[in-house]
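Asker: The structure is given below, and queries will be raised subsequently.
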Amino acid sequence: MTADTMLAKKHISFEKIPTAIYKDSEQPSVAVAREIADIITQVNAQGRNAVLGLATGSTPKKVYKELIRLHKEEGLSFKNVVTFNLDEYYPLEQEAMQSYRRYMKENLFDYIDIAAENCHVPDGTVPQELVKVYCDNYEKKIEEAGGLDFQLLGIGSNGHIGFNEPGSHINSITRLITLDFVTRADATSEFGALANVPKKAITMGVSTILKAKRIVLLALGEHKAQIIQKAVEGPVTEFVPASYLQGHSNTLAVIDEAASAELTRRKAPWLIENVLWDVAMIKKAVIHLALAVRKPILKLTNNDYNENGLSELLALYGQAYDINIKVFNWLQHTITGWPGGKPNADDKNRPERANPAKKRVLIFSPHPDDDIISMGGTFQRLVDQGHEVHVAYQVSGNIAVADDEALRFIEFVVDFNKEFNIKNDEVINIYRQAGEFLKKKESGEQDSKELRYIKGIIRRGEAKNTCRFVGVPPENIHFLNLPFYETGQVEKKPLSEEDYQIVMDVIEEVKPHQLYAAGDLADPHGTHKVCLDAIFEAVNRLKNEEFMKDCWVWLYKGAWAEWDIDLIEMAVPMSPDEVQKKKFGIFKHQSQKDGVVFQGSDAREFWQRSEDRNRATAELYNNLGLAEYAAMEAFVRWKF
Ligand code: F6R
C-alpha cells in the first residue's frame, strides 16, 4: 500500500485526499485486506488489541473475503482484535435479513477466530428513549478500547460515510439519524420496497470517524465516479460528508479504474502530467476545451488553447484552426444513419463497413429490456435496413418483477383454467404454490422457485412483444437464461463454464458480422458487467474461428450512463418519430413501468432516462458545432 500512497500523492494539487487507483475491482479489496492484516500484526506486536472500524454494504464484501482467506490460509488471527461497526438501520431486529449484525456474521465474524464479545455493531432494537445513552456508551466503548486504529469506509451515492447523511456536522458523534431519501432508495432492493426501508439509523458520527488513526475509503465502480470526484477534489462541505476526510492527515481513497473516471487525472490528464498526444488524447483535450469554454469546436482560438493548459498541443500542431478541423472531422465521421453500413457507399470514413450489404446482427441484451432501452433506435434501423437481426436475452430478469404483477398473471391462469374447465394438475399446482407463497411472503424474502419461474415468463413475454413490434421474427429471439443469475437474490453466482458455453453457442449459431453488447461498467457487482464479461470471454475463445474475422463488436451503455463523447465511434441519430417509436417499444415492458422493484434513487422511468440520455448526446454533438438532431444513440467498438 505504501508505494500506491506515494504515487497517489503526486496528484495532490487536484486530489485533496490521496488516492490510489487500481486497474480492476479485485485488487483494491485485496490491498485493503492486506493493510488491515498488517495493522493487526503491528498493533498486536505492541502487546495490545487492534481496534478496527468496519463498514457494510456491497463494497467491502471482497475485503472480508480476503481477510477470511488470510485467516484460513496464512494464519492471520483475530483473537486480539476488537471491532466497531459504523452503523445499523433503526429500528431493525438483529436477525432481520437486512441487519448489519447479520451481514457481519455472514460475511466475516462466523469465519474467523474473533471473540463474540469483541464485535460491536450498533443495536437497532434499543428502545427509542434509551438510544441517546446507548450511543454515548458506544463512543465510550471505542475510547476505552484505545480508539480506532483503522476505519474502513464506503461512500454512498450522496456522499455519506457511515450513515452521516448530507448536512451532518463535522462535530457529530454516534447518534440516531434520519436516513436521506437517496440512501433509502438505494436500499430498496434489499428490503423489497421503499416503504419497507427503515427511516432511521444509528451511526458513528463524522467526528468519531475522523478520530481514527488511519482511514481507508473504498469505492468501486463507475456509479461511484461522480461522488468520488466531489469527495476527493471538491470543496469540504457538509453536503458531501466524505469531503471531511480531506482534513484527516492519514486517509487514503482506494478505488478502481471505473470509480476514477471523473477525477482530473482521468478527465484532463494534460493538466497534471506530460501526455502522449495521440488521436485519442487530442480528441479528448479539444472536446474538453470546447465544452469548458462553451464554444463549438470550429470557433476555438489559439487563446482558448493557451489559456486552458493546452499550449503544448498548439506548439506541436500549429494553429488552432488546423487542430479544430481535424477533430471536427473525426467527430463528423462518427455520425451515421446506417449502423449496419451503407451499401454501395464509400466506407473509408464511415464507422461500419459497406459489405456485406446484408449483415447478420446479434444484439446481446443483458436484461429483457436493455436492447430497446439502450439501442432501440439503432435496433429498429438495423431491422428496417434489411439486416438479419437476432436478439439474445442473457438473463431472465425475474427478480425485477413486482409481486402484485406476478399475482395478476397467476390469477389470470387460474381463472382461465376455471373458465374453460382445464384440468392440468401439474400446471395448476405450480400456479397454486406460487400464489400460496405470495400470500405468506415476508418483506425482502427470496422468491420460491415457482414464483421466479412465473416472473421469468412475464419478462420473456414482454421481450417477445418488443421484438414483434420492431419486426424480429420469433426464430431470431434467443433466451439464454444464464445460470449465474438464477439465485433469486440481488447477489449472483460467479460465471461458470456453463454460462460461457451458452454465450459461445449462440454466437456460433448466428455467426454475426455485428455483435452488440452492453458495455456497462456502472456497477462492479451488477448484472450488466457480468453479462459483458461472459461475452468477452466467449469472443476471446472464439476469435480464431473463420467467421469471427468478419465480426465487429459494438458496445452500447445501459439506461443510466452514456459514453464520454470523445470515446464514441458510432453515433446513430434519431428523428422525433423514431424517438416516439422507441418509447412505445419500451412501453412493451409493462412490468418495468410505473414504479419498478429496482428504481434506485433516479425517480425517472426507463423510457424517460433513455429519452433524456439520447437527447443529451445529440445536444452535446450540437454544442460542439455538429448538426442538430432530436436524439442519438452511441457506440464504442471493442477490438478483440
Ligand atoms: C455501511 C455504510 C455506508 C456504505 C455506503 C456504500 O456500513 O456505512 O456508508 O458504506 O452506503 O454502500 P455500498 O458499498 O453498498 O455502495
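Ligands are numbered from 1 in the order shown, chains are lettered A, B, ... in the order of the C-alpha cells, and residues start at 1 in each chain.
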Going by DSSP on the backbone, which bits of stretch 251-478 of chain A are strand (DSSP E or B)? Write them as an NGL selection string, please.

Answerer: :A and (251-256 or 335 or 360-365 or 388-393 or 477-478)

Asker: What are the closest atom pairs, with distances in Å to one decimal, for all residues of chain A lying within 8 Å of ligand 1? Consider only C-alpha atoms and all ligand atoms, order rows by chain and residue number, and present the result as a Markdown table.

Answerer:
| residue | atom | partner | partner_atom_place_in_ligand_line | distance |
| --- | --- | --- | --- | --- |
| A:Leu54 | CA | ligand 1 | 7 (O) | 7.2 |
| A:Ala55 | CA | ligand 1 | 7 (O) | 3.8 |
| A:Thr56 | CA | ligand 1 | 7 (O) | 3.7 |
| A:Gly57 | CA | ligand 1 | 15 (O) | 3.5 |
| A:Ser58 | CA | ligand 1 | 15 (O) | 3.8 |
| A:Thr59 | CA | ligand 1 | 14 (O) | 3.6 |
| A:Pro60 | CA | ligand 1 | 14 (O) | 6.4 |
| A:Asn85 | CA | ligand 1 | 7 (O) | 7.0 |
| A:Leu86 | CA | ligand 1 | 7 (O) | 5.4 |
| A:Asp87 | CA | ligand 1 | 7 (O) | 5.4 |
| A:Glu88 | CA | ligand 1 | 7 (O) | 7.3 |
| A:Tyr100 | CA | ligand 1 | 7 (O) | 7.4 |
| A:Leu153 | CA | ligand 1 | 10 (O) | 5.6 |
| A:Gly154 | CA | ligand 1 | 10 (O) | 3.3 |
| A:Ile155 | CA | ligand 1 | 6 (C) | 4.4 |
| A:Gly156 | CA | ligand 1 | 11 (O) | 3.8 |
| A:Ser157 | CA | ligand 1 | 11 (O) | 7.1 |
| A:His160 | CA | ligand 1 | 9 (O) | 5.6 |
| A:Ile161 | CA | ligand 1 | 9 (O) | 4.3 |
| A:Gly162 | CA | ligand 1 | 8 (O) | 3.1 |
| A:Phe163 | CA | ligand 1 | 8 (O) | 5.3 |
| A:Asn164 | CA | ligand 1 | 9 (O) | 7.5 |
| A:Thr183 | CA | ligand 1 | 11 (O) | 6.9 |
| A:Thr203 | CA | ligand 1 | 8 (O) | 7.6 |
| A:Ala219 | CA | ligand 1 | 14 (O) | 7.3 |
| A:Lys224 | CA | ligand 1 | 16 (O) | 8.0 |

Asker: Within 8 Å of A:Leu620, counting only C-alpha atoms, which residues qualify if same-chain residues fewer than 4 places away don't, as a list in words?

Answerer: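 These residues fall inside the cut-off: Ile565, Ala616 and Leu624 of chain A.
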
Asker: In Å to one decimal, how far is atom CA of A:Gln580 from atom CA of A:Glu605?

Answerer: 15.1 Å

Asker: For stretch 332-346 of chain A, list every protein, DNA or RNA residue within 6 Å, evaluated using only C-alpha atoms, and leave out those in the same chain fewer than 4 positions away; present the list as a PyMOL selection string.

Answerer: chain A and resi 350-354+357+569-572

Asker: Under the rule of at most 9 Å, produce a per-residue listing of stretch 287-388 of chain A near stretch 269-281 of chain A: chain, number, name, the closest pair of atoms, and the distance in Å, as a tab-separated table, using only C-alpha atoms.

Answerer:
residue	atom	partner	partner_atom	distance
A:Asn308	CA	A:Leu271	CA	8.8
A:Gly309	CA	A:Leu271	CA	6.2
A:Leu310	CA	A:Trp270	CA	7.6
A:Leu313	CA	A:Trp277	CA	7.4
A:Leu316	CA	A:Trp277	CA	8.9
A:Val327	CA	A:Val279	CA	8.8

Asker: In Å to one decimal, how far is atom CA of A:Ala603 from atom CA of A:Phe181?

Answerer: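 Interatomic distance, atom CA of A:Phe181 to atom CA of A:Ala603: 11.0 Å.
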
Asker: Mind listing the alpha helix (DSSP H) residues of stretch 135-168 of chain A, per DSSP on the backbone, as a ChimeraX atom specification?

Answerer: /A:135-144

Asker: Just N, CA and C atoms for this one: save the residues we selected as a compact mmCIF listing (two decimals), in the first residue's frame.

Answerer:
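Final file, part.txt:
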# COMPACT_ATOMS: atom_id res chain seq x y z
N CYS A 135 -25.93 5.37 22.48
CA CYS A 135 -24.94 5.92 21.54
C CYS A 135 -23.73 6.50 22.30
N ASP A 136 -23.99 7.21 23.40
CA ASP A 136 -22.88 7.76 24.18
C ASP A 136 -21.98 6.63 24.68
N ASN A 137 -22.64 5.55 25.04
CA ASN A 137 -21.92 4.39 25.53
C ASN A 137 -21.05 3.76 24.43
N TYR A 138 -21.58 3.77 23.21
CA TYR A 138 -20.84 3.21 22.05
C TYR A 138 -19.54 4.00 21.85
N GLU A 139 -19.68 5.34 21.94
CA GLU A 139 -18.50 6.21 21.84
C GLU A 139 -17.49 5.85 22.92
N LYS A 140 -18.02 5.71 24.15
CA LYS A 140 -17.15 5.44 25.30
C LYS A 140 -16.40 4.12 25.10
N LYS A 141 -17.14 3.13 24.58
CA LYS A 141 -16.51 1.81 24.38
C LYS A 141 -15.35 1.91 23.38
N ILE A 142 -15.53 2.73 22.33
CA ILE A 142 -14.45 2.88 21.35
C ILE A 142 -13.22 3.49 22.04
N GLU A 143 -13.50 4.52 22.86
CA GLU A 143 -12.38 5.17 23.57
C GLU A 143 -11.70 4.20 24.52
N GLU A 144 -12.53 3.46 25.29
CA GLU A 144 -11.96 2.51 26.26
C GLU A 144 -11.12 1.42 25.58
